[in-house]
>>> print(open('entry04.cif').read())   # mmCIF, C-alpha atoms
data_model
loop_
_atom_site.label_atom_id
_atom_site.label_comp_id
_atom_site.auth_asym_id
_atom_site.auth_seq_id
_atom_site.Cartn_x
_atom_site.Cartn_y
_atom_site.Cartn_z
CA MET A 357 201.14 146.12 218.09
CA GLN A 358 201.45 146.15 221.84
CA ARG A 359 204.86 147.01 223.19
CA PRO A 360 206.67 143.79 224.22
CA THR A 361 206.24 142.99 227.90
CA PRO A 362 209.23 143.24 230.25
CA ARG A 363 209.46 139.46 230.08
CA THR A 364 210.13 139.70 226.37
CA SER A 365 212.08 142.92 226.13
CA ALA A 366 213.66 143.64 229.47
CA ARG A 367 214.95 140.45 230.96
CA ALA A 368 217.74 140.02 228.43
CA ILE A 369 218.90 143.58 229.01
CA VAL A 370 218.55 143.24 232.78
CA LEU A 371 220.77 140.22 233.02
CA SER A 372 223.20 141.43 230.39
CA GLY A 373 223.55 144.46 232.63
CA VAL A 374 224.04 142.20 235.62
CA ALA A 375 226.79 140.40 233.77
CA ALA A 376 228.49 143.67 232.98
CA LEU A 377 228.30 144.84 236.57
CA THR A 378 229.37 141.61 238.17
CA ALA A 379 231.44 139.80 235.56
CA LEU A 380 229.20 136.89 236.36
CA THR A 381 230.16 133.62 234.71
CA LEU A 382 227.42 131.19 233.89
CA SER A 383 228.25 128.00 235.75
CA ALA A 384 225.53 125.72 234.45
CA CYS A 385 226.99 122.65 232.79
CA GLY A 386 226.55 122.70 229.05
CA SER A 387 225.05 120.08 226.84
CA ASN A 388 226.10 119.11 223.36
CA ALA A 389 223.08 116.88 222.89
CA THR A 390 222.21 117.47 219.27
CA ALA A 391 221.46 113.93 218.15
CA PRO A 392 217.80 113.55 217.19
CA ALA A 393 215.59 112.18 219.92
CA ALA A 394 213.56 109.07 219.32
CA SER A 395 210.30 109.78 217.53
CA ALA A 396 207.01 109.26 219.32
CA ALA A 397 206.32 106.63 216.70
CA ASP A 398 209.15 104.56 218.18
CA GLN A 399 207.75 104.67 221.72
CA GLY A 400 205.22 102.43 223.41
CA ILE A 401 202.17 104.55 224.23
CA GLY A 402 201.14 104.74 227.88
CA SER A 403 197.72 105.34 229.40
CA VAL A 404 197.34 108.72 227.69
CA ASP A 405 197.05 108.43 223.90
CA LEU A 406 197.16 111.92 222.42
CA LYS A 407 197.48 110.52 218.94
CA ALA A 408 194.13 108.76 219.27
CA ALA A 409 192.66 111.96 220.73
CA GLY A 410 193.37 113.73 217.45
CA CYS A 411 196.33 115.81 218.54
CA PRO A 412 198.83 116.94 215.89
CA ALA A 413 201.75 114.58 215.41
CA ASN A 414 203.98 117.45 216.54
CA ILE A 415 202.51 119.75 219.20
CA VAL A 416 204.36 123.06 218.97
CA ILE A 417 204.32 125.33 222.03
CA GLN A 418 205.56 128.91 221.76
CA THR A 419 206.84 130.49 224.99
CA ASP A 420 207.36 134.19 225.65
CA TRP A 421 210.99 134.08 226.73
CA ASN A 422 214.21 132.10 227.05
CA PRO A 423 214.10 128.85 229.04
CA GLU A 424 213.54 129.46 232.76
CA SER A 425 211.93 127.81 235.77
CA GLU A 426 208.61 129.54 235.15
CA HIS A 427 208.40 127.33 232.05
CA GLY A 428 209.37 124.15 233.89
CA HIS A 429 205.93 122.60 233.42
CA LEU A 430 206.50 122.56 229.65
CA TYR A 431 209.99 121.07 229.75
CA GLN A 432 208.60 118.41 232.10
CA LEU A 433 206.75 117.07 229.05
CA LEU A 434 209.99 115.96 227.41
CA GLY A 435 211.30 112.45 227.81
CA PRO A 436 214.95 111.43 227.98
CA ASN A 437 217.49 112.77 225.48
CA PRO A 438 215.42 115.46 223.75
CA THR A 439 216.69 117.11 220.58
CA ILE A 440 218.16 120.56 221.13
CA ASP A 441 217.99 122.85 218.09
CA ALA A 442 220.34 125.67 219.09
CA ALA A 443 219.93 127.51 215.80
CA ASN A 444 216.15 127.79 216.16
CA LYS A 445 216.16 128.03 219.98
CA SER A 446 213.88 125.04 220.44
CA VAL A 447 213.86 121.60 222.02
CA SER A 448 211.75 118.64 220.98
CA GLY A 449 211.05 114.97 221.54
CA PRO A 450 208.26 112.52 222.33
CA LEU A 451 205.65 114.08 224.61
CA TYR A 452 205.53 112.17 227.88
CA ALA A 453 202.78 111.89 230.49
CA SER A 454 203.81 110.40 233.84
CA GLY A 455 206.86 108.76 232.33
CA ARG A 456 205.25 107.24 229.22
CA SER A 457 204.97 108.39 225.63
CA THR A 458 201.62 109.79 224.50
CA GLY A 459 202.10 108.90 220.83
CA VAL A 460 202.94 112.43 219.66
CA ASN A 461 205.95 114.72 219.76
CA VAL A 462 206.27 118.11 221.43
CA GLU A 463 208.41 121.06 220.33
CA ILE A 464 208.98 123.91 222.80
CA ARG A 465 210.11 127.15 221.20
CA SER A 466 211.75 130.07 222.97
CA GLY A 467 210.34 133.57 222.72
CA GLY A 468 211.86 136.99 223.32
CA PRO A 469 215.03 137.35 221.23
CA ALA A 470 214.26 134.12 219.37
CA ILE A 471 211.16 135.73 217.79
CA GLY A 472 212.43 139.28 217.52
CA PHE A 473 210.72 140.32 220.77
CA GLN A 474 207.30 140.31 219.15
CA THR A 475 204.23 139.09 221.00
CA VAL A 476 203.41 135.39 221.07
CA ALA A 477 200.00 136.23 219.59
CA ALA A 478 201.71 137.79 216.59
CA GLN A 479 203.96 134.76 216.19
CA MET A 480 200.97 132.43 216.36
CA SER A 481 199.11 134.45 213.75
CA GLN A 482 202.06 134.16 211.38
CA ASP A 483 202.94 130.50 211.91
CA PRO A 484 200.11 127.95 211.68
CA ALA A 485 202.46 125.19 212.89
CA ILE A 486 202.22 126.60 216.44
CA THR A 487 199.59 124.72 218.43
CA LEU A 488 199.72 126.58 221.76
CA GLY A 489 201.33 129.75 223.06
CA TYR A 490 201.74 131.90 226.15
CA ILE A 491 199.23 134.79 226.16
CA ASN A 492 198.56 137.24 229.02
CA THR A 493 194.93 138.07 229.79
CA ASP A 494 195.36 141.75 228.91
CA GLU A 495 197.06 140.83 225.63
CA ALA A 496 194.17 138.51 224.76
CA VAL A 497 191.80 141.46 225.14
CA GLN A 498 193.95 144.09 223.46
CA LEU A 499 194.93 141.98 220.46
CA SER A 500 191.53 140.32 220.00
CA ALA A 501 190.49 142.33 216.95
CA LYS A 502 193.27 140.96 214.75
CA MET A 503 194.84 138.06 216.69
CA PRO A 504 192.10 136.40 218.79
CA THR A 505 193.23 133.69 221.20
CA LYS A 506 191.62 131.56 223.88
CA ALA A 507 193.35 130.44 227.08
CA VAL A 508 192.92 126.79 228.13
CA PHE A 509 195.38 126.42 231.03
CA ALA A 510 196.86 128.86 233.58
CA PRO A 511 200.27 127.63 234.78
CA LEU A 512 200.69 130.75 236.95
CA ASP A 513 197.97 131.70 239.38
CA LYS A 514 199.57 135.09 239.97
CA ASN A 515 201.61 137.30 237.67
CA PRO A 516 205.19 137.35 239.09
CA GLN A 517 205.74 140.92 237.90
CA MET A 518 206.37 143.42 240.69
CA ILE A 519 207.70 146.83 241.68
CA MET A 520 210.75 146.69 243.95
CA TRP A 521 212.40 149.28 246.18
CA ASP A 522 215.10 149.70 248.82
CA PRO A 523 213.63 148.89 252.26
CA ASN A 524 216.32 151.02 253.92
CA THR A 525 215.06 154.09 252.05
CA TYR A 526 211.32 153.44 252.01
CA LYS A 527 209.25 151.82 254.75
CA ALA A 528 206.31 151.14 252.42
CA LYS A 529 204.80 147.66 252.38
CA THR A 530 202.66 148.24 249.29
CA ILE A 531 202.89 150.12 246.01
CA ALA A 532 200.12 152.44 247.19
CA GLU A 533 202.17 153.33 250.28
CA LEU A 534 205.30 153.72 248.18
CA GLY A 535 203.85 156.46 245.95
CA PRO A 536 203.72 159.26 248.57
CA GLU A 537 207.15 158.29 249.93
CA LEU A 538 208.65 158.53 246.44
CA ALA A 539 207.02 161.94 245.95
CA ALA A 540 208.45 163.20 249.24
CA LYS A 541 212.00 162.13 248.32
CA GLY A 542 211.86 162.98 244.62
CA GLY A 543 212.11 159.34 243.58
CA VAL A 544 210.41 157.54 240.68
CA VAL A 545 209.36 154.06 239.62
CA ARG A 546 211.31 153.14 236.50
CA TYR A 547 209.36 150.95 234.11
CA PHE A 548 208.97 150.20 230.42
CA GLY A 549 206.74 152.88 228.95
CA GLY A 550 203.44 151.60 227.54
CA SER A 551 203.05 148.80 230.08
CA SER A 552 199.35 148.14 230.63
CA TRP A 553 199.79 147.51 234.36
CA MET A 554 201.22 151.00 234.86
CA GLU A 555 198.36 152.54 232.91
CA TYR A 556 196.05 150.68 235.30
CA LEU A 557 197.89 151.92 238.41
CA LYS A 558 197.74 155.48 237.06
CA ALA A 559 194.03 155.21 236.28
CA LYS A 560 193.35 153.96 239.80
CA GLY A 561 195.41 156.74 241.34
CA THR A 562 197.80 154.26 242.95
CA LEU A 563 200.75 156.05 241.31
CA THR A 564 200.84 159.51 239.75
CA ASP A 565 202.74 160.91 236.80
CA LYS A 566 205.04 162.67 239.26
CA VAL A 567 206.52 159.41 240.53
CA ILE A 568 206.78 157.30 237.35
CA ASP A 569 209.45 157.20 234.67
CA GLY A 570 208.88 155.11 231.56
CA SER A 571 212.52 155.22 230.44
CA TYR A 572 213.66 152.03 232.16
CA ASP A 573 216.38 150.44 230.00
CA GLY A 574 216.41 147.02 231.64
CA THR A 575 219.83 147.32 233.29
CA PRO A 576 220.60 147.62 237.02
CA ALA A 577 222.73 150.73 236.45
CA ASN A 578 220.22 153.46 237.30
CA PHE A 579 218.76 151.60 240.27
CA VAL A 580 222.23 151.09 241.71
CA ALA A 581 223.37 154.65 240.92
CA GLY A 582 220.29 156.04 242.66
CA GLY A 583 221.43 154.46 245.91
CA GLY A 584 217.88 153.45 246.84
CA LYS A 585 216.11 156.69 245.83
CA ASP A 586 214.19 155.09 242.95
CA ALA A 587 212.00 152.01 242.58
CA GLN A 588 211.95 149.67 239.59
CA GLN A 589 209.85 147.04 237.90
CA GLY A 590 210.95 143.41 237.87
CA PHE A 591 209.89 139.82 238.48
CA ALA A 592 209.53 138.48 242.02
CA SER A 593 210.79 135.12 240.79
CA ALA A 594 214.17 136.52 239.72
CA GLU A 595 215.29 140.08 240.52
CA PRO A 596 215.23 139.89 244.36
CA TYR A 597 217.77 137.06 244.18
CA ILE A 598 219.77 138.64 241.36
CA TYR A 599 220.13 142.02 243.04
CA GLN A 600 221.05 140.54 246.41
CA ASN A 601 223.45 137.90 245.09
CA GLU A 602 224.63 138.70 241.58
CA VAL A 603 224.72 142.51 241.26
CA SER A 604 227.99 143.24 243.02
CA ALA A 605 227.30 146.96 243.26
CA TRP A 606 224.05 146.31 245.24
CA LYS A 607 224.30 143.02 247.15
CA LYS A 608 221.42 143.61 249.56
CA PRO A 609 217.72 142.76 249.79
CA VAL A 610 214.95 144.63 248.02
CA ALA A 611 211.33 145.00 249.12
CA TYR A 612 208.52 144.54 246.62
CA GLN A 613 204.84 144.05 245.97
CA LEU A 614 203.35 142.00 243.16
CA ILE A 615 201.39 143.95 240.54
CA HIS A 616 198.74 141.27 241.14
CA ASP A 617 198.39 142.29 244.77
CA ALA A 618 198.08 145.94 243.70
CA GLY A 619 194.94 145.03 241.75
CA TRP A 620 195.98 144.18 238.15
CA GLN A 621 195.18 140.47 238.30
CA ILE A 622 195.86 139.12 234.84
CA TYR A 623 196.78 135.50 234.18
CA GLN A 624 200.39 135.71 232.99
CA ALA A 625 201.55 133.33 230.25
CA ALA A 626 198.26 131.45 230.00
CA VAL A 627 198.57 128.51 227.60
CA SER A 628 196.31 129.45 224.70
CA VAL A 629 195.16 128.42 221.24
CA ARG A 630 194.12 130.55 218.31
CA ALA A 631 190.41 131.11 218.90
CA ALA A 632 189.56 129.78 215.46
CA ASP A 633 191.37 126.50 216.17
CA GLU A 634 189.65 125.55 219.41
CA SER A 635 186.82 123.57 217.83
CA ALA A 636 189.14 121.42 215.70
CA LEU A 637 191.48 120.86 218.65
CA GLY A 638 188.72 120.12 221.16
CA GLY A 639 189.30 116.36 221.36
CA CYS A 640 193.03 116.88 221.69
CA LEU A 641 192.70 119.57 224.36
CA ALA A 642 190.43 117.38 226.46
CA LYS A 643 193.33 114.92 226.83
CA LEU A 644 196.26 117.33 226.58
CA VAL A 645 195.29 119.95 229.17
CA PRO A 646 195.22 117.42 232.05
CA VAL A 647 198.67 116.27 230.91
CA LEU A 648 199.85 119.90 231.18
CA GLN A 649 198.33 120.14 234.65
CA GLN A 650 200.00 116.95 235.85
CA ALA A 651 203.34 117.95 234.30
CA GLU A 652 203.32 121.10 236.44
CA VAL A 653 202.53 119.09 239.56
CA ASP A 654 205.38 116.71 238.72
CA PHE A 655 207.82 119.56 238.04
CA PHE A 656 207.27 121.21 241.41
CA LYS A 657 207.48 117.86 243.16
CA ASP A 658 211.00 117.27 241.77
CA PRO A 659 212.27 120.30 239.80
CA LYS A 660 215.98 119.52 239.65
CA PRO A 661 216.05 117.28 236.53
CA VAL A 662 214.13 119.83 234.48
CA GLU A 663 216.16 122.71 235.93
CA SER A 664 219.26 120.93 234.66
CA LEU A 665 217.76 120.76 231.18
CA ILE A 666 216.78 124.45 231.34
CA LEU A 667 220.34 125.45 232.24
CA ASP A 668 221.68 123.31 229.40
CA LEU A 669 219.26 124.97 226.97
CA VAL A 670 220.31 128.44 228.09
CA THR A 671 223.92 127.49 227.40
CA GLU A 672 223.17 125.91 224.03
CA PHE A 673 220.89 128.70 222.80
CA ASN A 674 223.50 131.34 223.73
CA THR A 675 221.23 134.37 223.27
CA GLY A 676 223.01 136.51 225.86
CA TRP A 677 220.51 135.43 228.50
CA VAL A 678 222.32 134.86 231.79
CA TYR A 679 220.50 132.38 234.02
CA SER A 680 222.23 130.75 236.96
CA GLU A 681 221.32 127.71 239.00
CA GLY A 682 220.80 130.04 241.95
CA VAL A 683 218.13 132.01 240.09
CA ALA A 684 216.47 128.80 238.91
CA ASP A 685 216.26 127.44 242.45
CA PHE A 686 215.06 130.78 243.84
CA SER A 687 212.36 130.97 241.18
CA VAL A 688 210.89 127.58 242.11
CA LYS A 689 210.98 128.39 245.82
CA THR A 690 209.45 131.84 245.37
CA MET A 691 206.69 130.71 243.05
CA ILE A 692 205.46 128.31 245.72
CA GLU A 693 206.00 130.62 248.71
CA GLN A 694 204.33 133.64 247.06
CA LYS A 695 201.57 131.45 245.60
CA ILE A 696 202.51 132.55 242.11
CA VAL A 697 201.88 128.89 241.36
CA GLY A 698 199.01 127.28 243.22
CA ASN A 699 195.45 126.04 243.24
CA GLY A 700 193.88 129.44 243.77
CA SER A 701 190.58 129.43 245.64
CA ASN A 702 189.92 125.71 245.12
CA SER A 703 191.90 122.47 244.90
CA THR A 704 192.54 122.60 241.14
CA LEU A 705 195.75 123.68 239.41
CA GLY A 706 195.49 125.67 236.19
CA ASP A 707 191.85 126.70 236.07
CA PHE A 708 190.60 130.27 235.65
CA ASP A 709 188.50 132.11 238.22
CA ALA A 710 185.49 133.40 236.27
CA ASP A 711 184.92 136.46 238.46
CA ARG A 712 188.58 137.41 238.28
CA VAL A 713 188.71 137.08 234.50
CA LYS A 714 185.55 139.16 234.16
CA LYS A 715 187.03 141.91 236.35
CA VAL A 716 190.29 142.00 234.40
CA PHE A 717 188.36 141.82 231.14
CA ASP A 718 186.18 144.82 232.02
CA GLU A 719 189.20 146.81 233.23
CA SER A 720 191.17 145.92 230.09
CA VAL A 721 188.36 146.85 227.70
CA SER A 722 187.99 150.23 229.39
CA LEU A 723 191.72 150.84 229.54
CA PHE A 724 192.56 149.88 225.98
CA THR A 725 189.56 151.70 224.55
CA THR A 726 190.75 154.85 226.32
CA LEU A 727 194.27 154.29 224.99
CA GLY A 728 193.02 153.90 221.42
CA SER A 729 193.45 150.16 220.93
CA ALA A 730 189.89 148.94 221.45
CA PRO A 731 189.35 145.16 221.48
CA GLN A 732 187.21 143.23 219.03
CA SER A 733 183.65 144.55 218.89
CA GLY A 734 181.25 142.37 220.88
CA LEU A 735 184.05 140.50 222.69
CA THR A 736 183.04 138.87 225.98
CA ALA A 737 185.15 137.55 228.84
CA GLU A 738 184.12 134.00 227.92
CA ASP A 739 185.67 134.49 224.47
CA ILE A 740 189.21 134.68 225.86
CA TYR A 741 189.33 131.66 228.19
CA THR A 742 187.73 128.33 229.04
CA ASN A 743 187.87 125.79 231.87
CA LYS A 744 186.25 123.18 229.65
CA TYR A 745 189.36 121.01 229.36
CA ILE A 746 190.60 121.27 232.96
CA ASP A 747 190.68 118.13 235.14
CA THR A 748 189.43 119.45 238.49
CA SER A 749 191.00 116.52 240.37
CA ILE A 750 194.57 117.64 239.55
CA GLY A 751 196.15 120.12 241.96
CA LEU A 752 199.23 120.87 244.01
CA LYS A 753 199.19 119.10 247.35
#
>>> encode(input="entry04.cif", output="structure tokens")
Amino acid sequence: MQRPTPRTSARAIVLSGVAALTALTLSACGSNATAPAASAADQGIGSVDLKAAGCPANIVIQTDWNPESEHGHLYQLLGPNPTIDAANKSVSGPLYASGRSTGVNVEIRSGGPAIGFQTVAAQMSQDPAITLGYINTDEAVQLSAKMPTKAVFAPLDKNPQMIMWDPNTYKAKTIAELGPELAAKGGVVRYFGGSSWMEYLKAKGTLTDKVIDGSYDGTPANFVAGGGKDAQQGFASAEPYIYQNEVSAWKKPVAYQLIHDAGWQIYQAAVSVRAADESALGGCLAKLVPVLQQAEVDFFKDPKPVESLILDLVTEFNTGWVYSEGVADFSVKTMIEQKIVGNGSNSTLGDFDADRVKKVFDESVSLFTTLGSAPQSGLTAEDIYTNKYIDTSIGLK
């Protein structure tokens, strides 16, 4: 099994470390809303009827981490007074489209610690109740032999993962420029060993073995102790704010470059189905995927109500995940500014660029074959994604 991504293994440690360093107190208001939400059966159906489209009565969506702004498009689907299941780290209620019930319910499940830090693909293979899950493009290739999935919607146009460094120590603007500077000063990039993006950067010669260290433990301690000598992996939608505002022993800006902009251009957290289920779910997906697209548009138009729910969920789930309102706001702002969320090369939100997928696919097949985890024999790029269900008229304005 592929080593859990930093999103599923590191972020809890990172922010637990932040809490230890800063004695940060989560200020988000809590919610004790545990009363069951109204069933979809009790709601008047609006213009989108997912029940008639053949969708399951309860659409279960498995995320890859604790609730956060990157998942706002999913929580946007929930109507008023959803049911919070703190024990199972999930939230559910009638699935809404543009303020009206669609005739079915939705259940959004947390990943990371809630599923033992295993991959979403593994969770989907074990639990047939899950309808959709977050799968990265490289994971879809690597795990295709035993856990084949197919992506139907890309909520993130760019992977928010990045390498960050101290701009007072290094003048580099890119990861490629950073490598020689690190070598000259004896610094390293700390990362989680086994990460496919680092294997890619090594294969391309962007970074060498001399300047990488796969022993990153997820806490800020080593980065802070190094006083700027070392670089570190992270997420552009979180760590720059956290280190400048919530890590008391640092409290200054960091520079960074997205892994995407260094060449590894996967689709992070693409909403996917089990490949074997696509045919049976086809009618449902044709109606549901545009709802997912519009929900993301609506979230970024007015994120505060959903952010409030996310903060409540973090409090209720109580997994050790520290997530402040400041980080939530920063995430939304950064995702738009850095085009982590956007329409890509056209005017459509959530579709996949065929040439980009093919490039990542070819690179992934080569990489994982070399590393001894070859994908399914005969797999093609078209096997791991489709734009068939995308409404091309829906995009961010």
>>> residues_around(input="entry04.cif", residues="segment 477-485 of chain A", least_positions_apart="2", cutoff="8 Å", atoms="only C-alpha atoms", output="number ranges by chain")
A: 416, 418, 471, 474-475, 487, 489, 491, 499, 503-505, 630
>>> resolve_selection(input="entry04.cif", expression="the PyMOL selection byres ((chain A and resi 595) around 12)", output="VMD selection string")
chain A and resid 363 366 to 367 370 to 371 374 516 to 521 574 to 576 588 to 594 596 to 603 606 to 612 679 682 to 684 686 to 687 690
>>> resolve_selection(input="entry04.cif", expression="the PyMOL selection byres ((chain A and resi 547-552) around 7)", output="number ranges by chain")
A: 359, 361-362, 545-546, 553-556, 569-572, 588-589
>>> residues_around(input="entry04.cif", residues="Val647 of chain A", least_positions_apart="4", cutoff="10 Å", atoms="all atoms listed in the file", output="list of chain:residue names")
A:Val404, A:Leu406, A:His429, A:Leu433, A:Leu451, A:Tyr452, A:Ala453, A:Ser454, A:Thr458, A:Leu641, A:Ala642, A:Lys643, A:Ala651, A:Glu652, A:Val653, A:Ile746, A:Asp747, A:Ile750
>>> atom_distance(input="entry04.cif", atom1="atom CA of Pro661 of chain A", atom2="atom CA of Gln432 of chain A")
8.7 Å
>>> atom_distance(input="entry04.cif", atom1="atom CA of Thr726 of chain A", atom2="atom CA of Ala532 of chain A")
23.0 Å
>>> resolve_selection(input="entry04.cif", expression="the PyMOL selection byres ((chain A and resi 464) around 10)", output="PyMOL selection string")
chain A and resi 415-419+423+427+430-431+433-434+440+445-449+462-463+465-467+486+488-489
>>> residues_around(input="entry04.cif", residues="Gln624 of chain A", least_positions_apart="3", cutoff="9 Å", atoms="only C-alpha atoms", output="VMD selection string")
chain A and resid 490 to 494 510 to 517 621
>>> write_last_selection(input="entry04.cif", atoms="C-alpha atoms", output="mmCIF file, in the frame of the given file")
data_model
loop_
_atom_site.group_PDB
_atom_site.id
_atom_site.type_symbol
_atom_site.label_atom_id
_atom_site.label_comp_id
_atom_site.auth_asym_id
_atom_site.auth_seq_id
_atom_site.Cartn_x
_atom_site.Cartn_y
_atom_site.Cartn_z
ATOM 1 C CA TYR A 490 201.740 131.900 226.150
ATOM 2 C CA ILE A 491 199.230 134.790 226.160
ATOM 3 C CA ASN A 492 198.560 137.240 229.020
ATOM 4 C CA THR A 493 194.930 138.070 229.790
ATOM 5 C CA ASP A 494 195.360 141.750 228.910
ATOM 6 C CA ALA A 510 196.860 128.860 233.580
ATOM 7 C CA PRO A 511 200.270 127.630 234.780
ATOM 8 C CA LEU A 512 200.690 130.750 236.950
ATOM 9 C CA ASP A 513 197.970 131.700 239.380
ATOM 10 C CA LYS A 514 199.570 135.090 239.970
ATOM 11 C CA ASN A 515 201.610 137.300 237.670
ATOM 12 C CA PRO A 516 205.190 137.350 239.090
ATOM 13 C CA GLN A 517 205.740 140.920 237.900
ATOM 14 C CA GLN A 621 195.180 140.470 238.300
#
>>> atom_distance(input="entry04.cif", atom1="atom CA of Pro536 of chain A", atom2="atom CA of Thr562 of chain A")
9.6 Å
>>> closest_residue(input="entry04.cif", among="A:Ser628, A:Leu557, A:Gly583, A:Ser664", to="His616 of chain A", atoms="all atoms listed in the file")
A:Leu557
>>> closest_residue(input="entry04.cif", among="A:Ala559, A:Leu644, A:Ile622, A:Ala539", to="Gly459 of chain A", atoms="all atoms listed in the file")
A:Leu644
>>> residues_near_point(input="entry04.cif", point="(204.3, 147.1, 249.7)", cutoff="6 Å", atoms="all atoms listed in the file", output="PyMOL selection string")
chain A and resi 528-531+612-613
>>> residues_around(input="entry04.cif", residues="Ser457 of chain A", least_positions_apart="6", cutoff="8 Å", atoms="only C-alpha atoms", output="list in words")
Ala396, Gln399, Gly400, Ile401, Gly402, Val404, Gly435, Pro450 and Leu451 of chain A
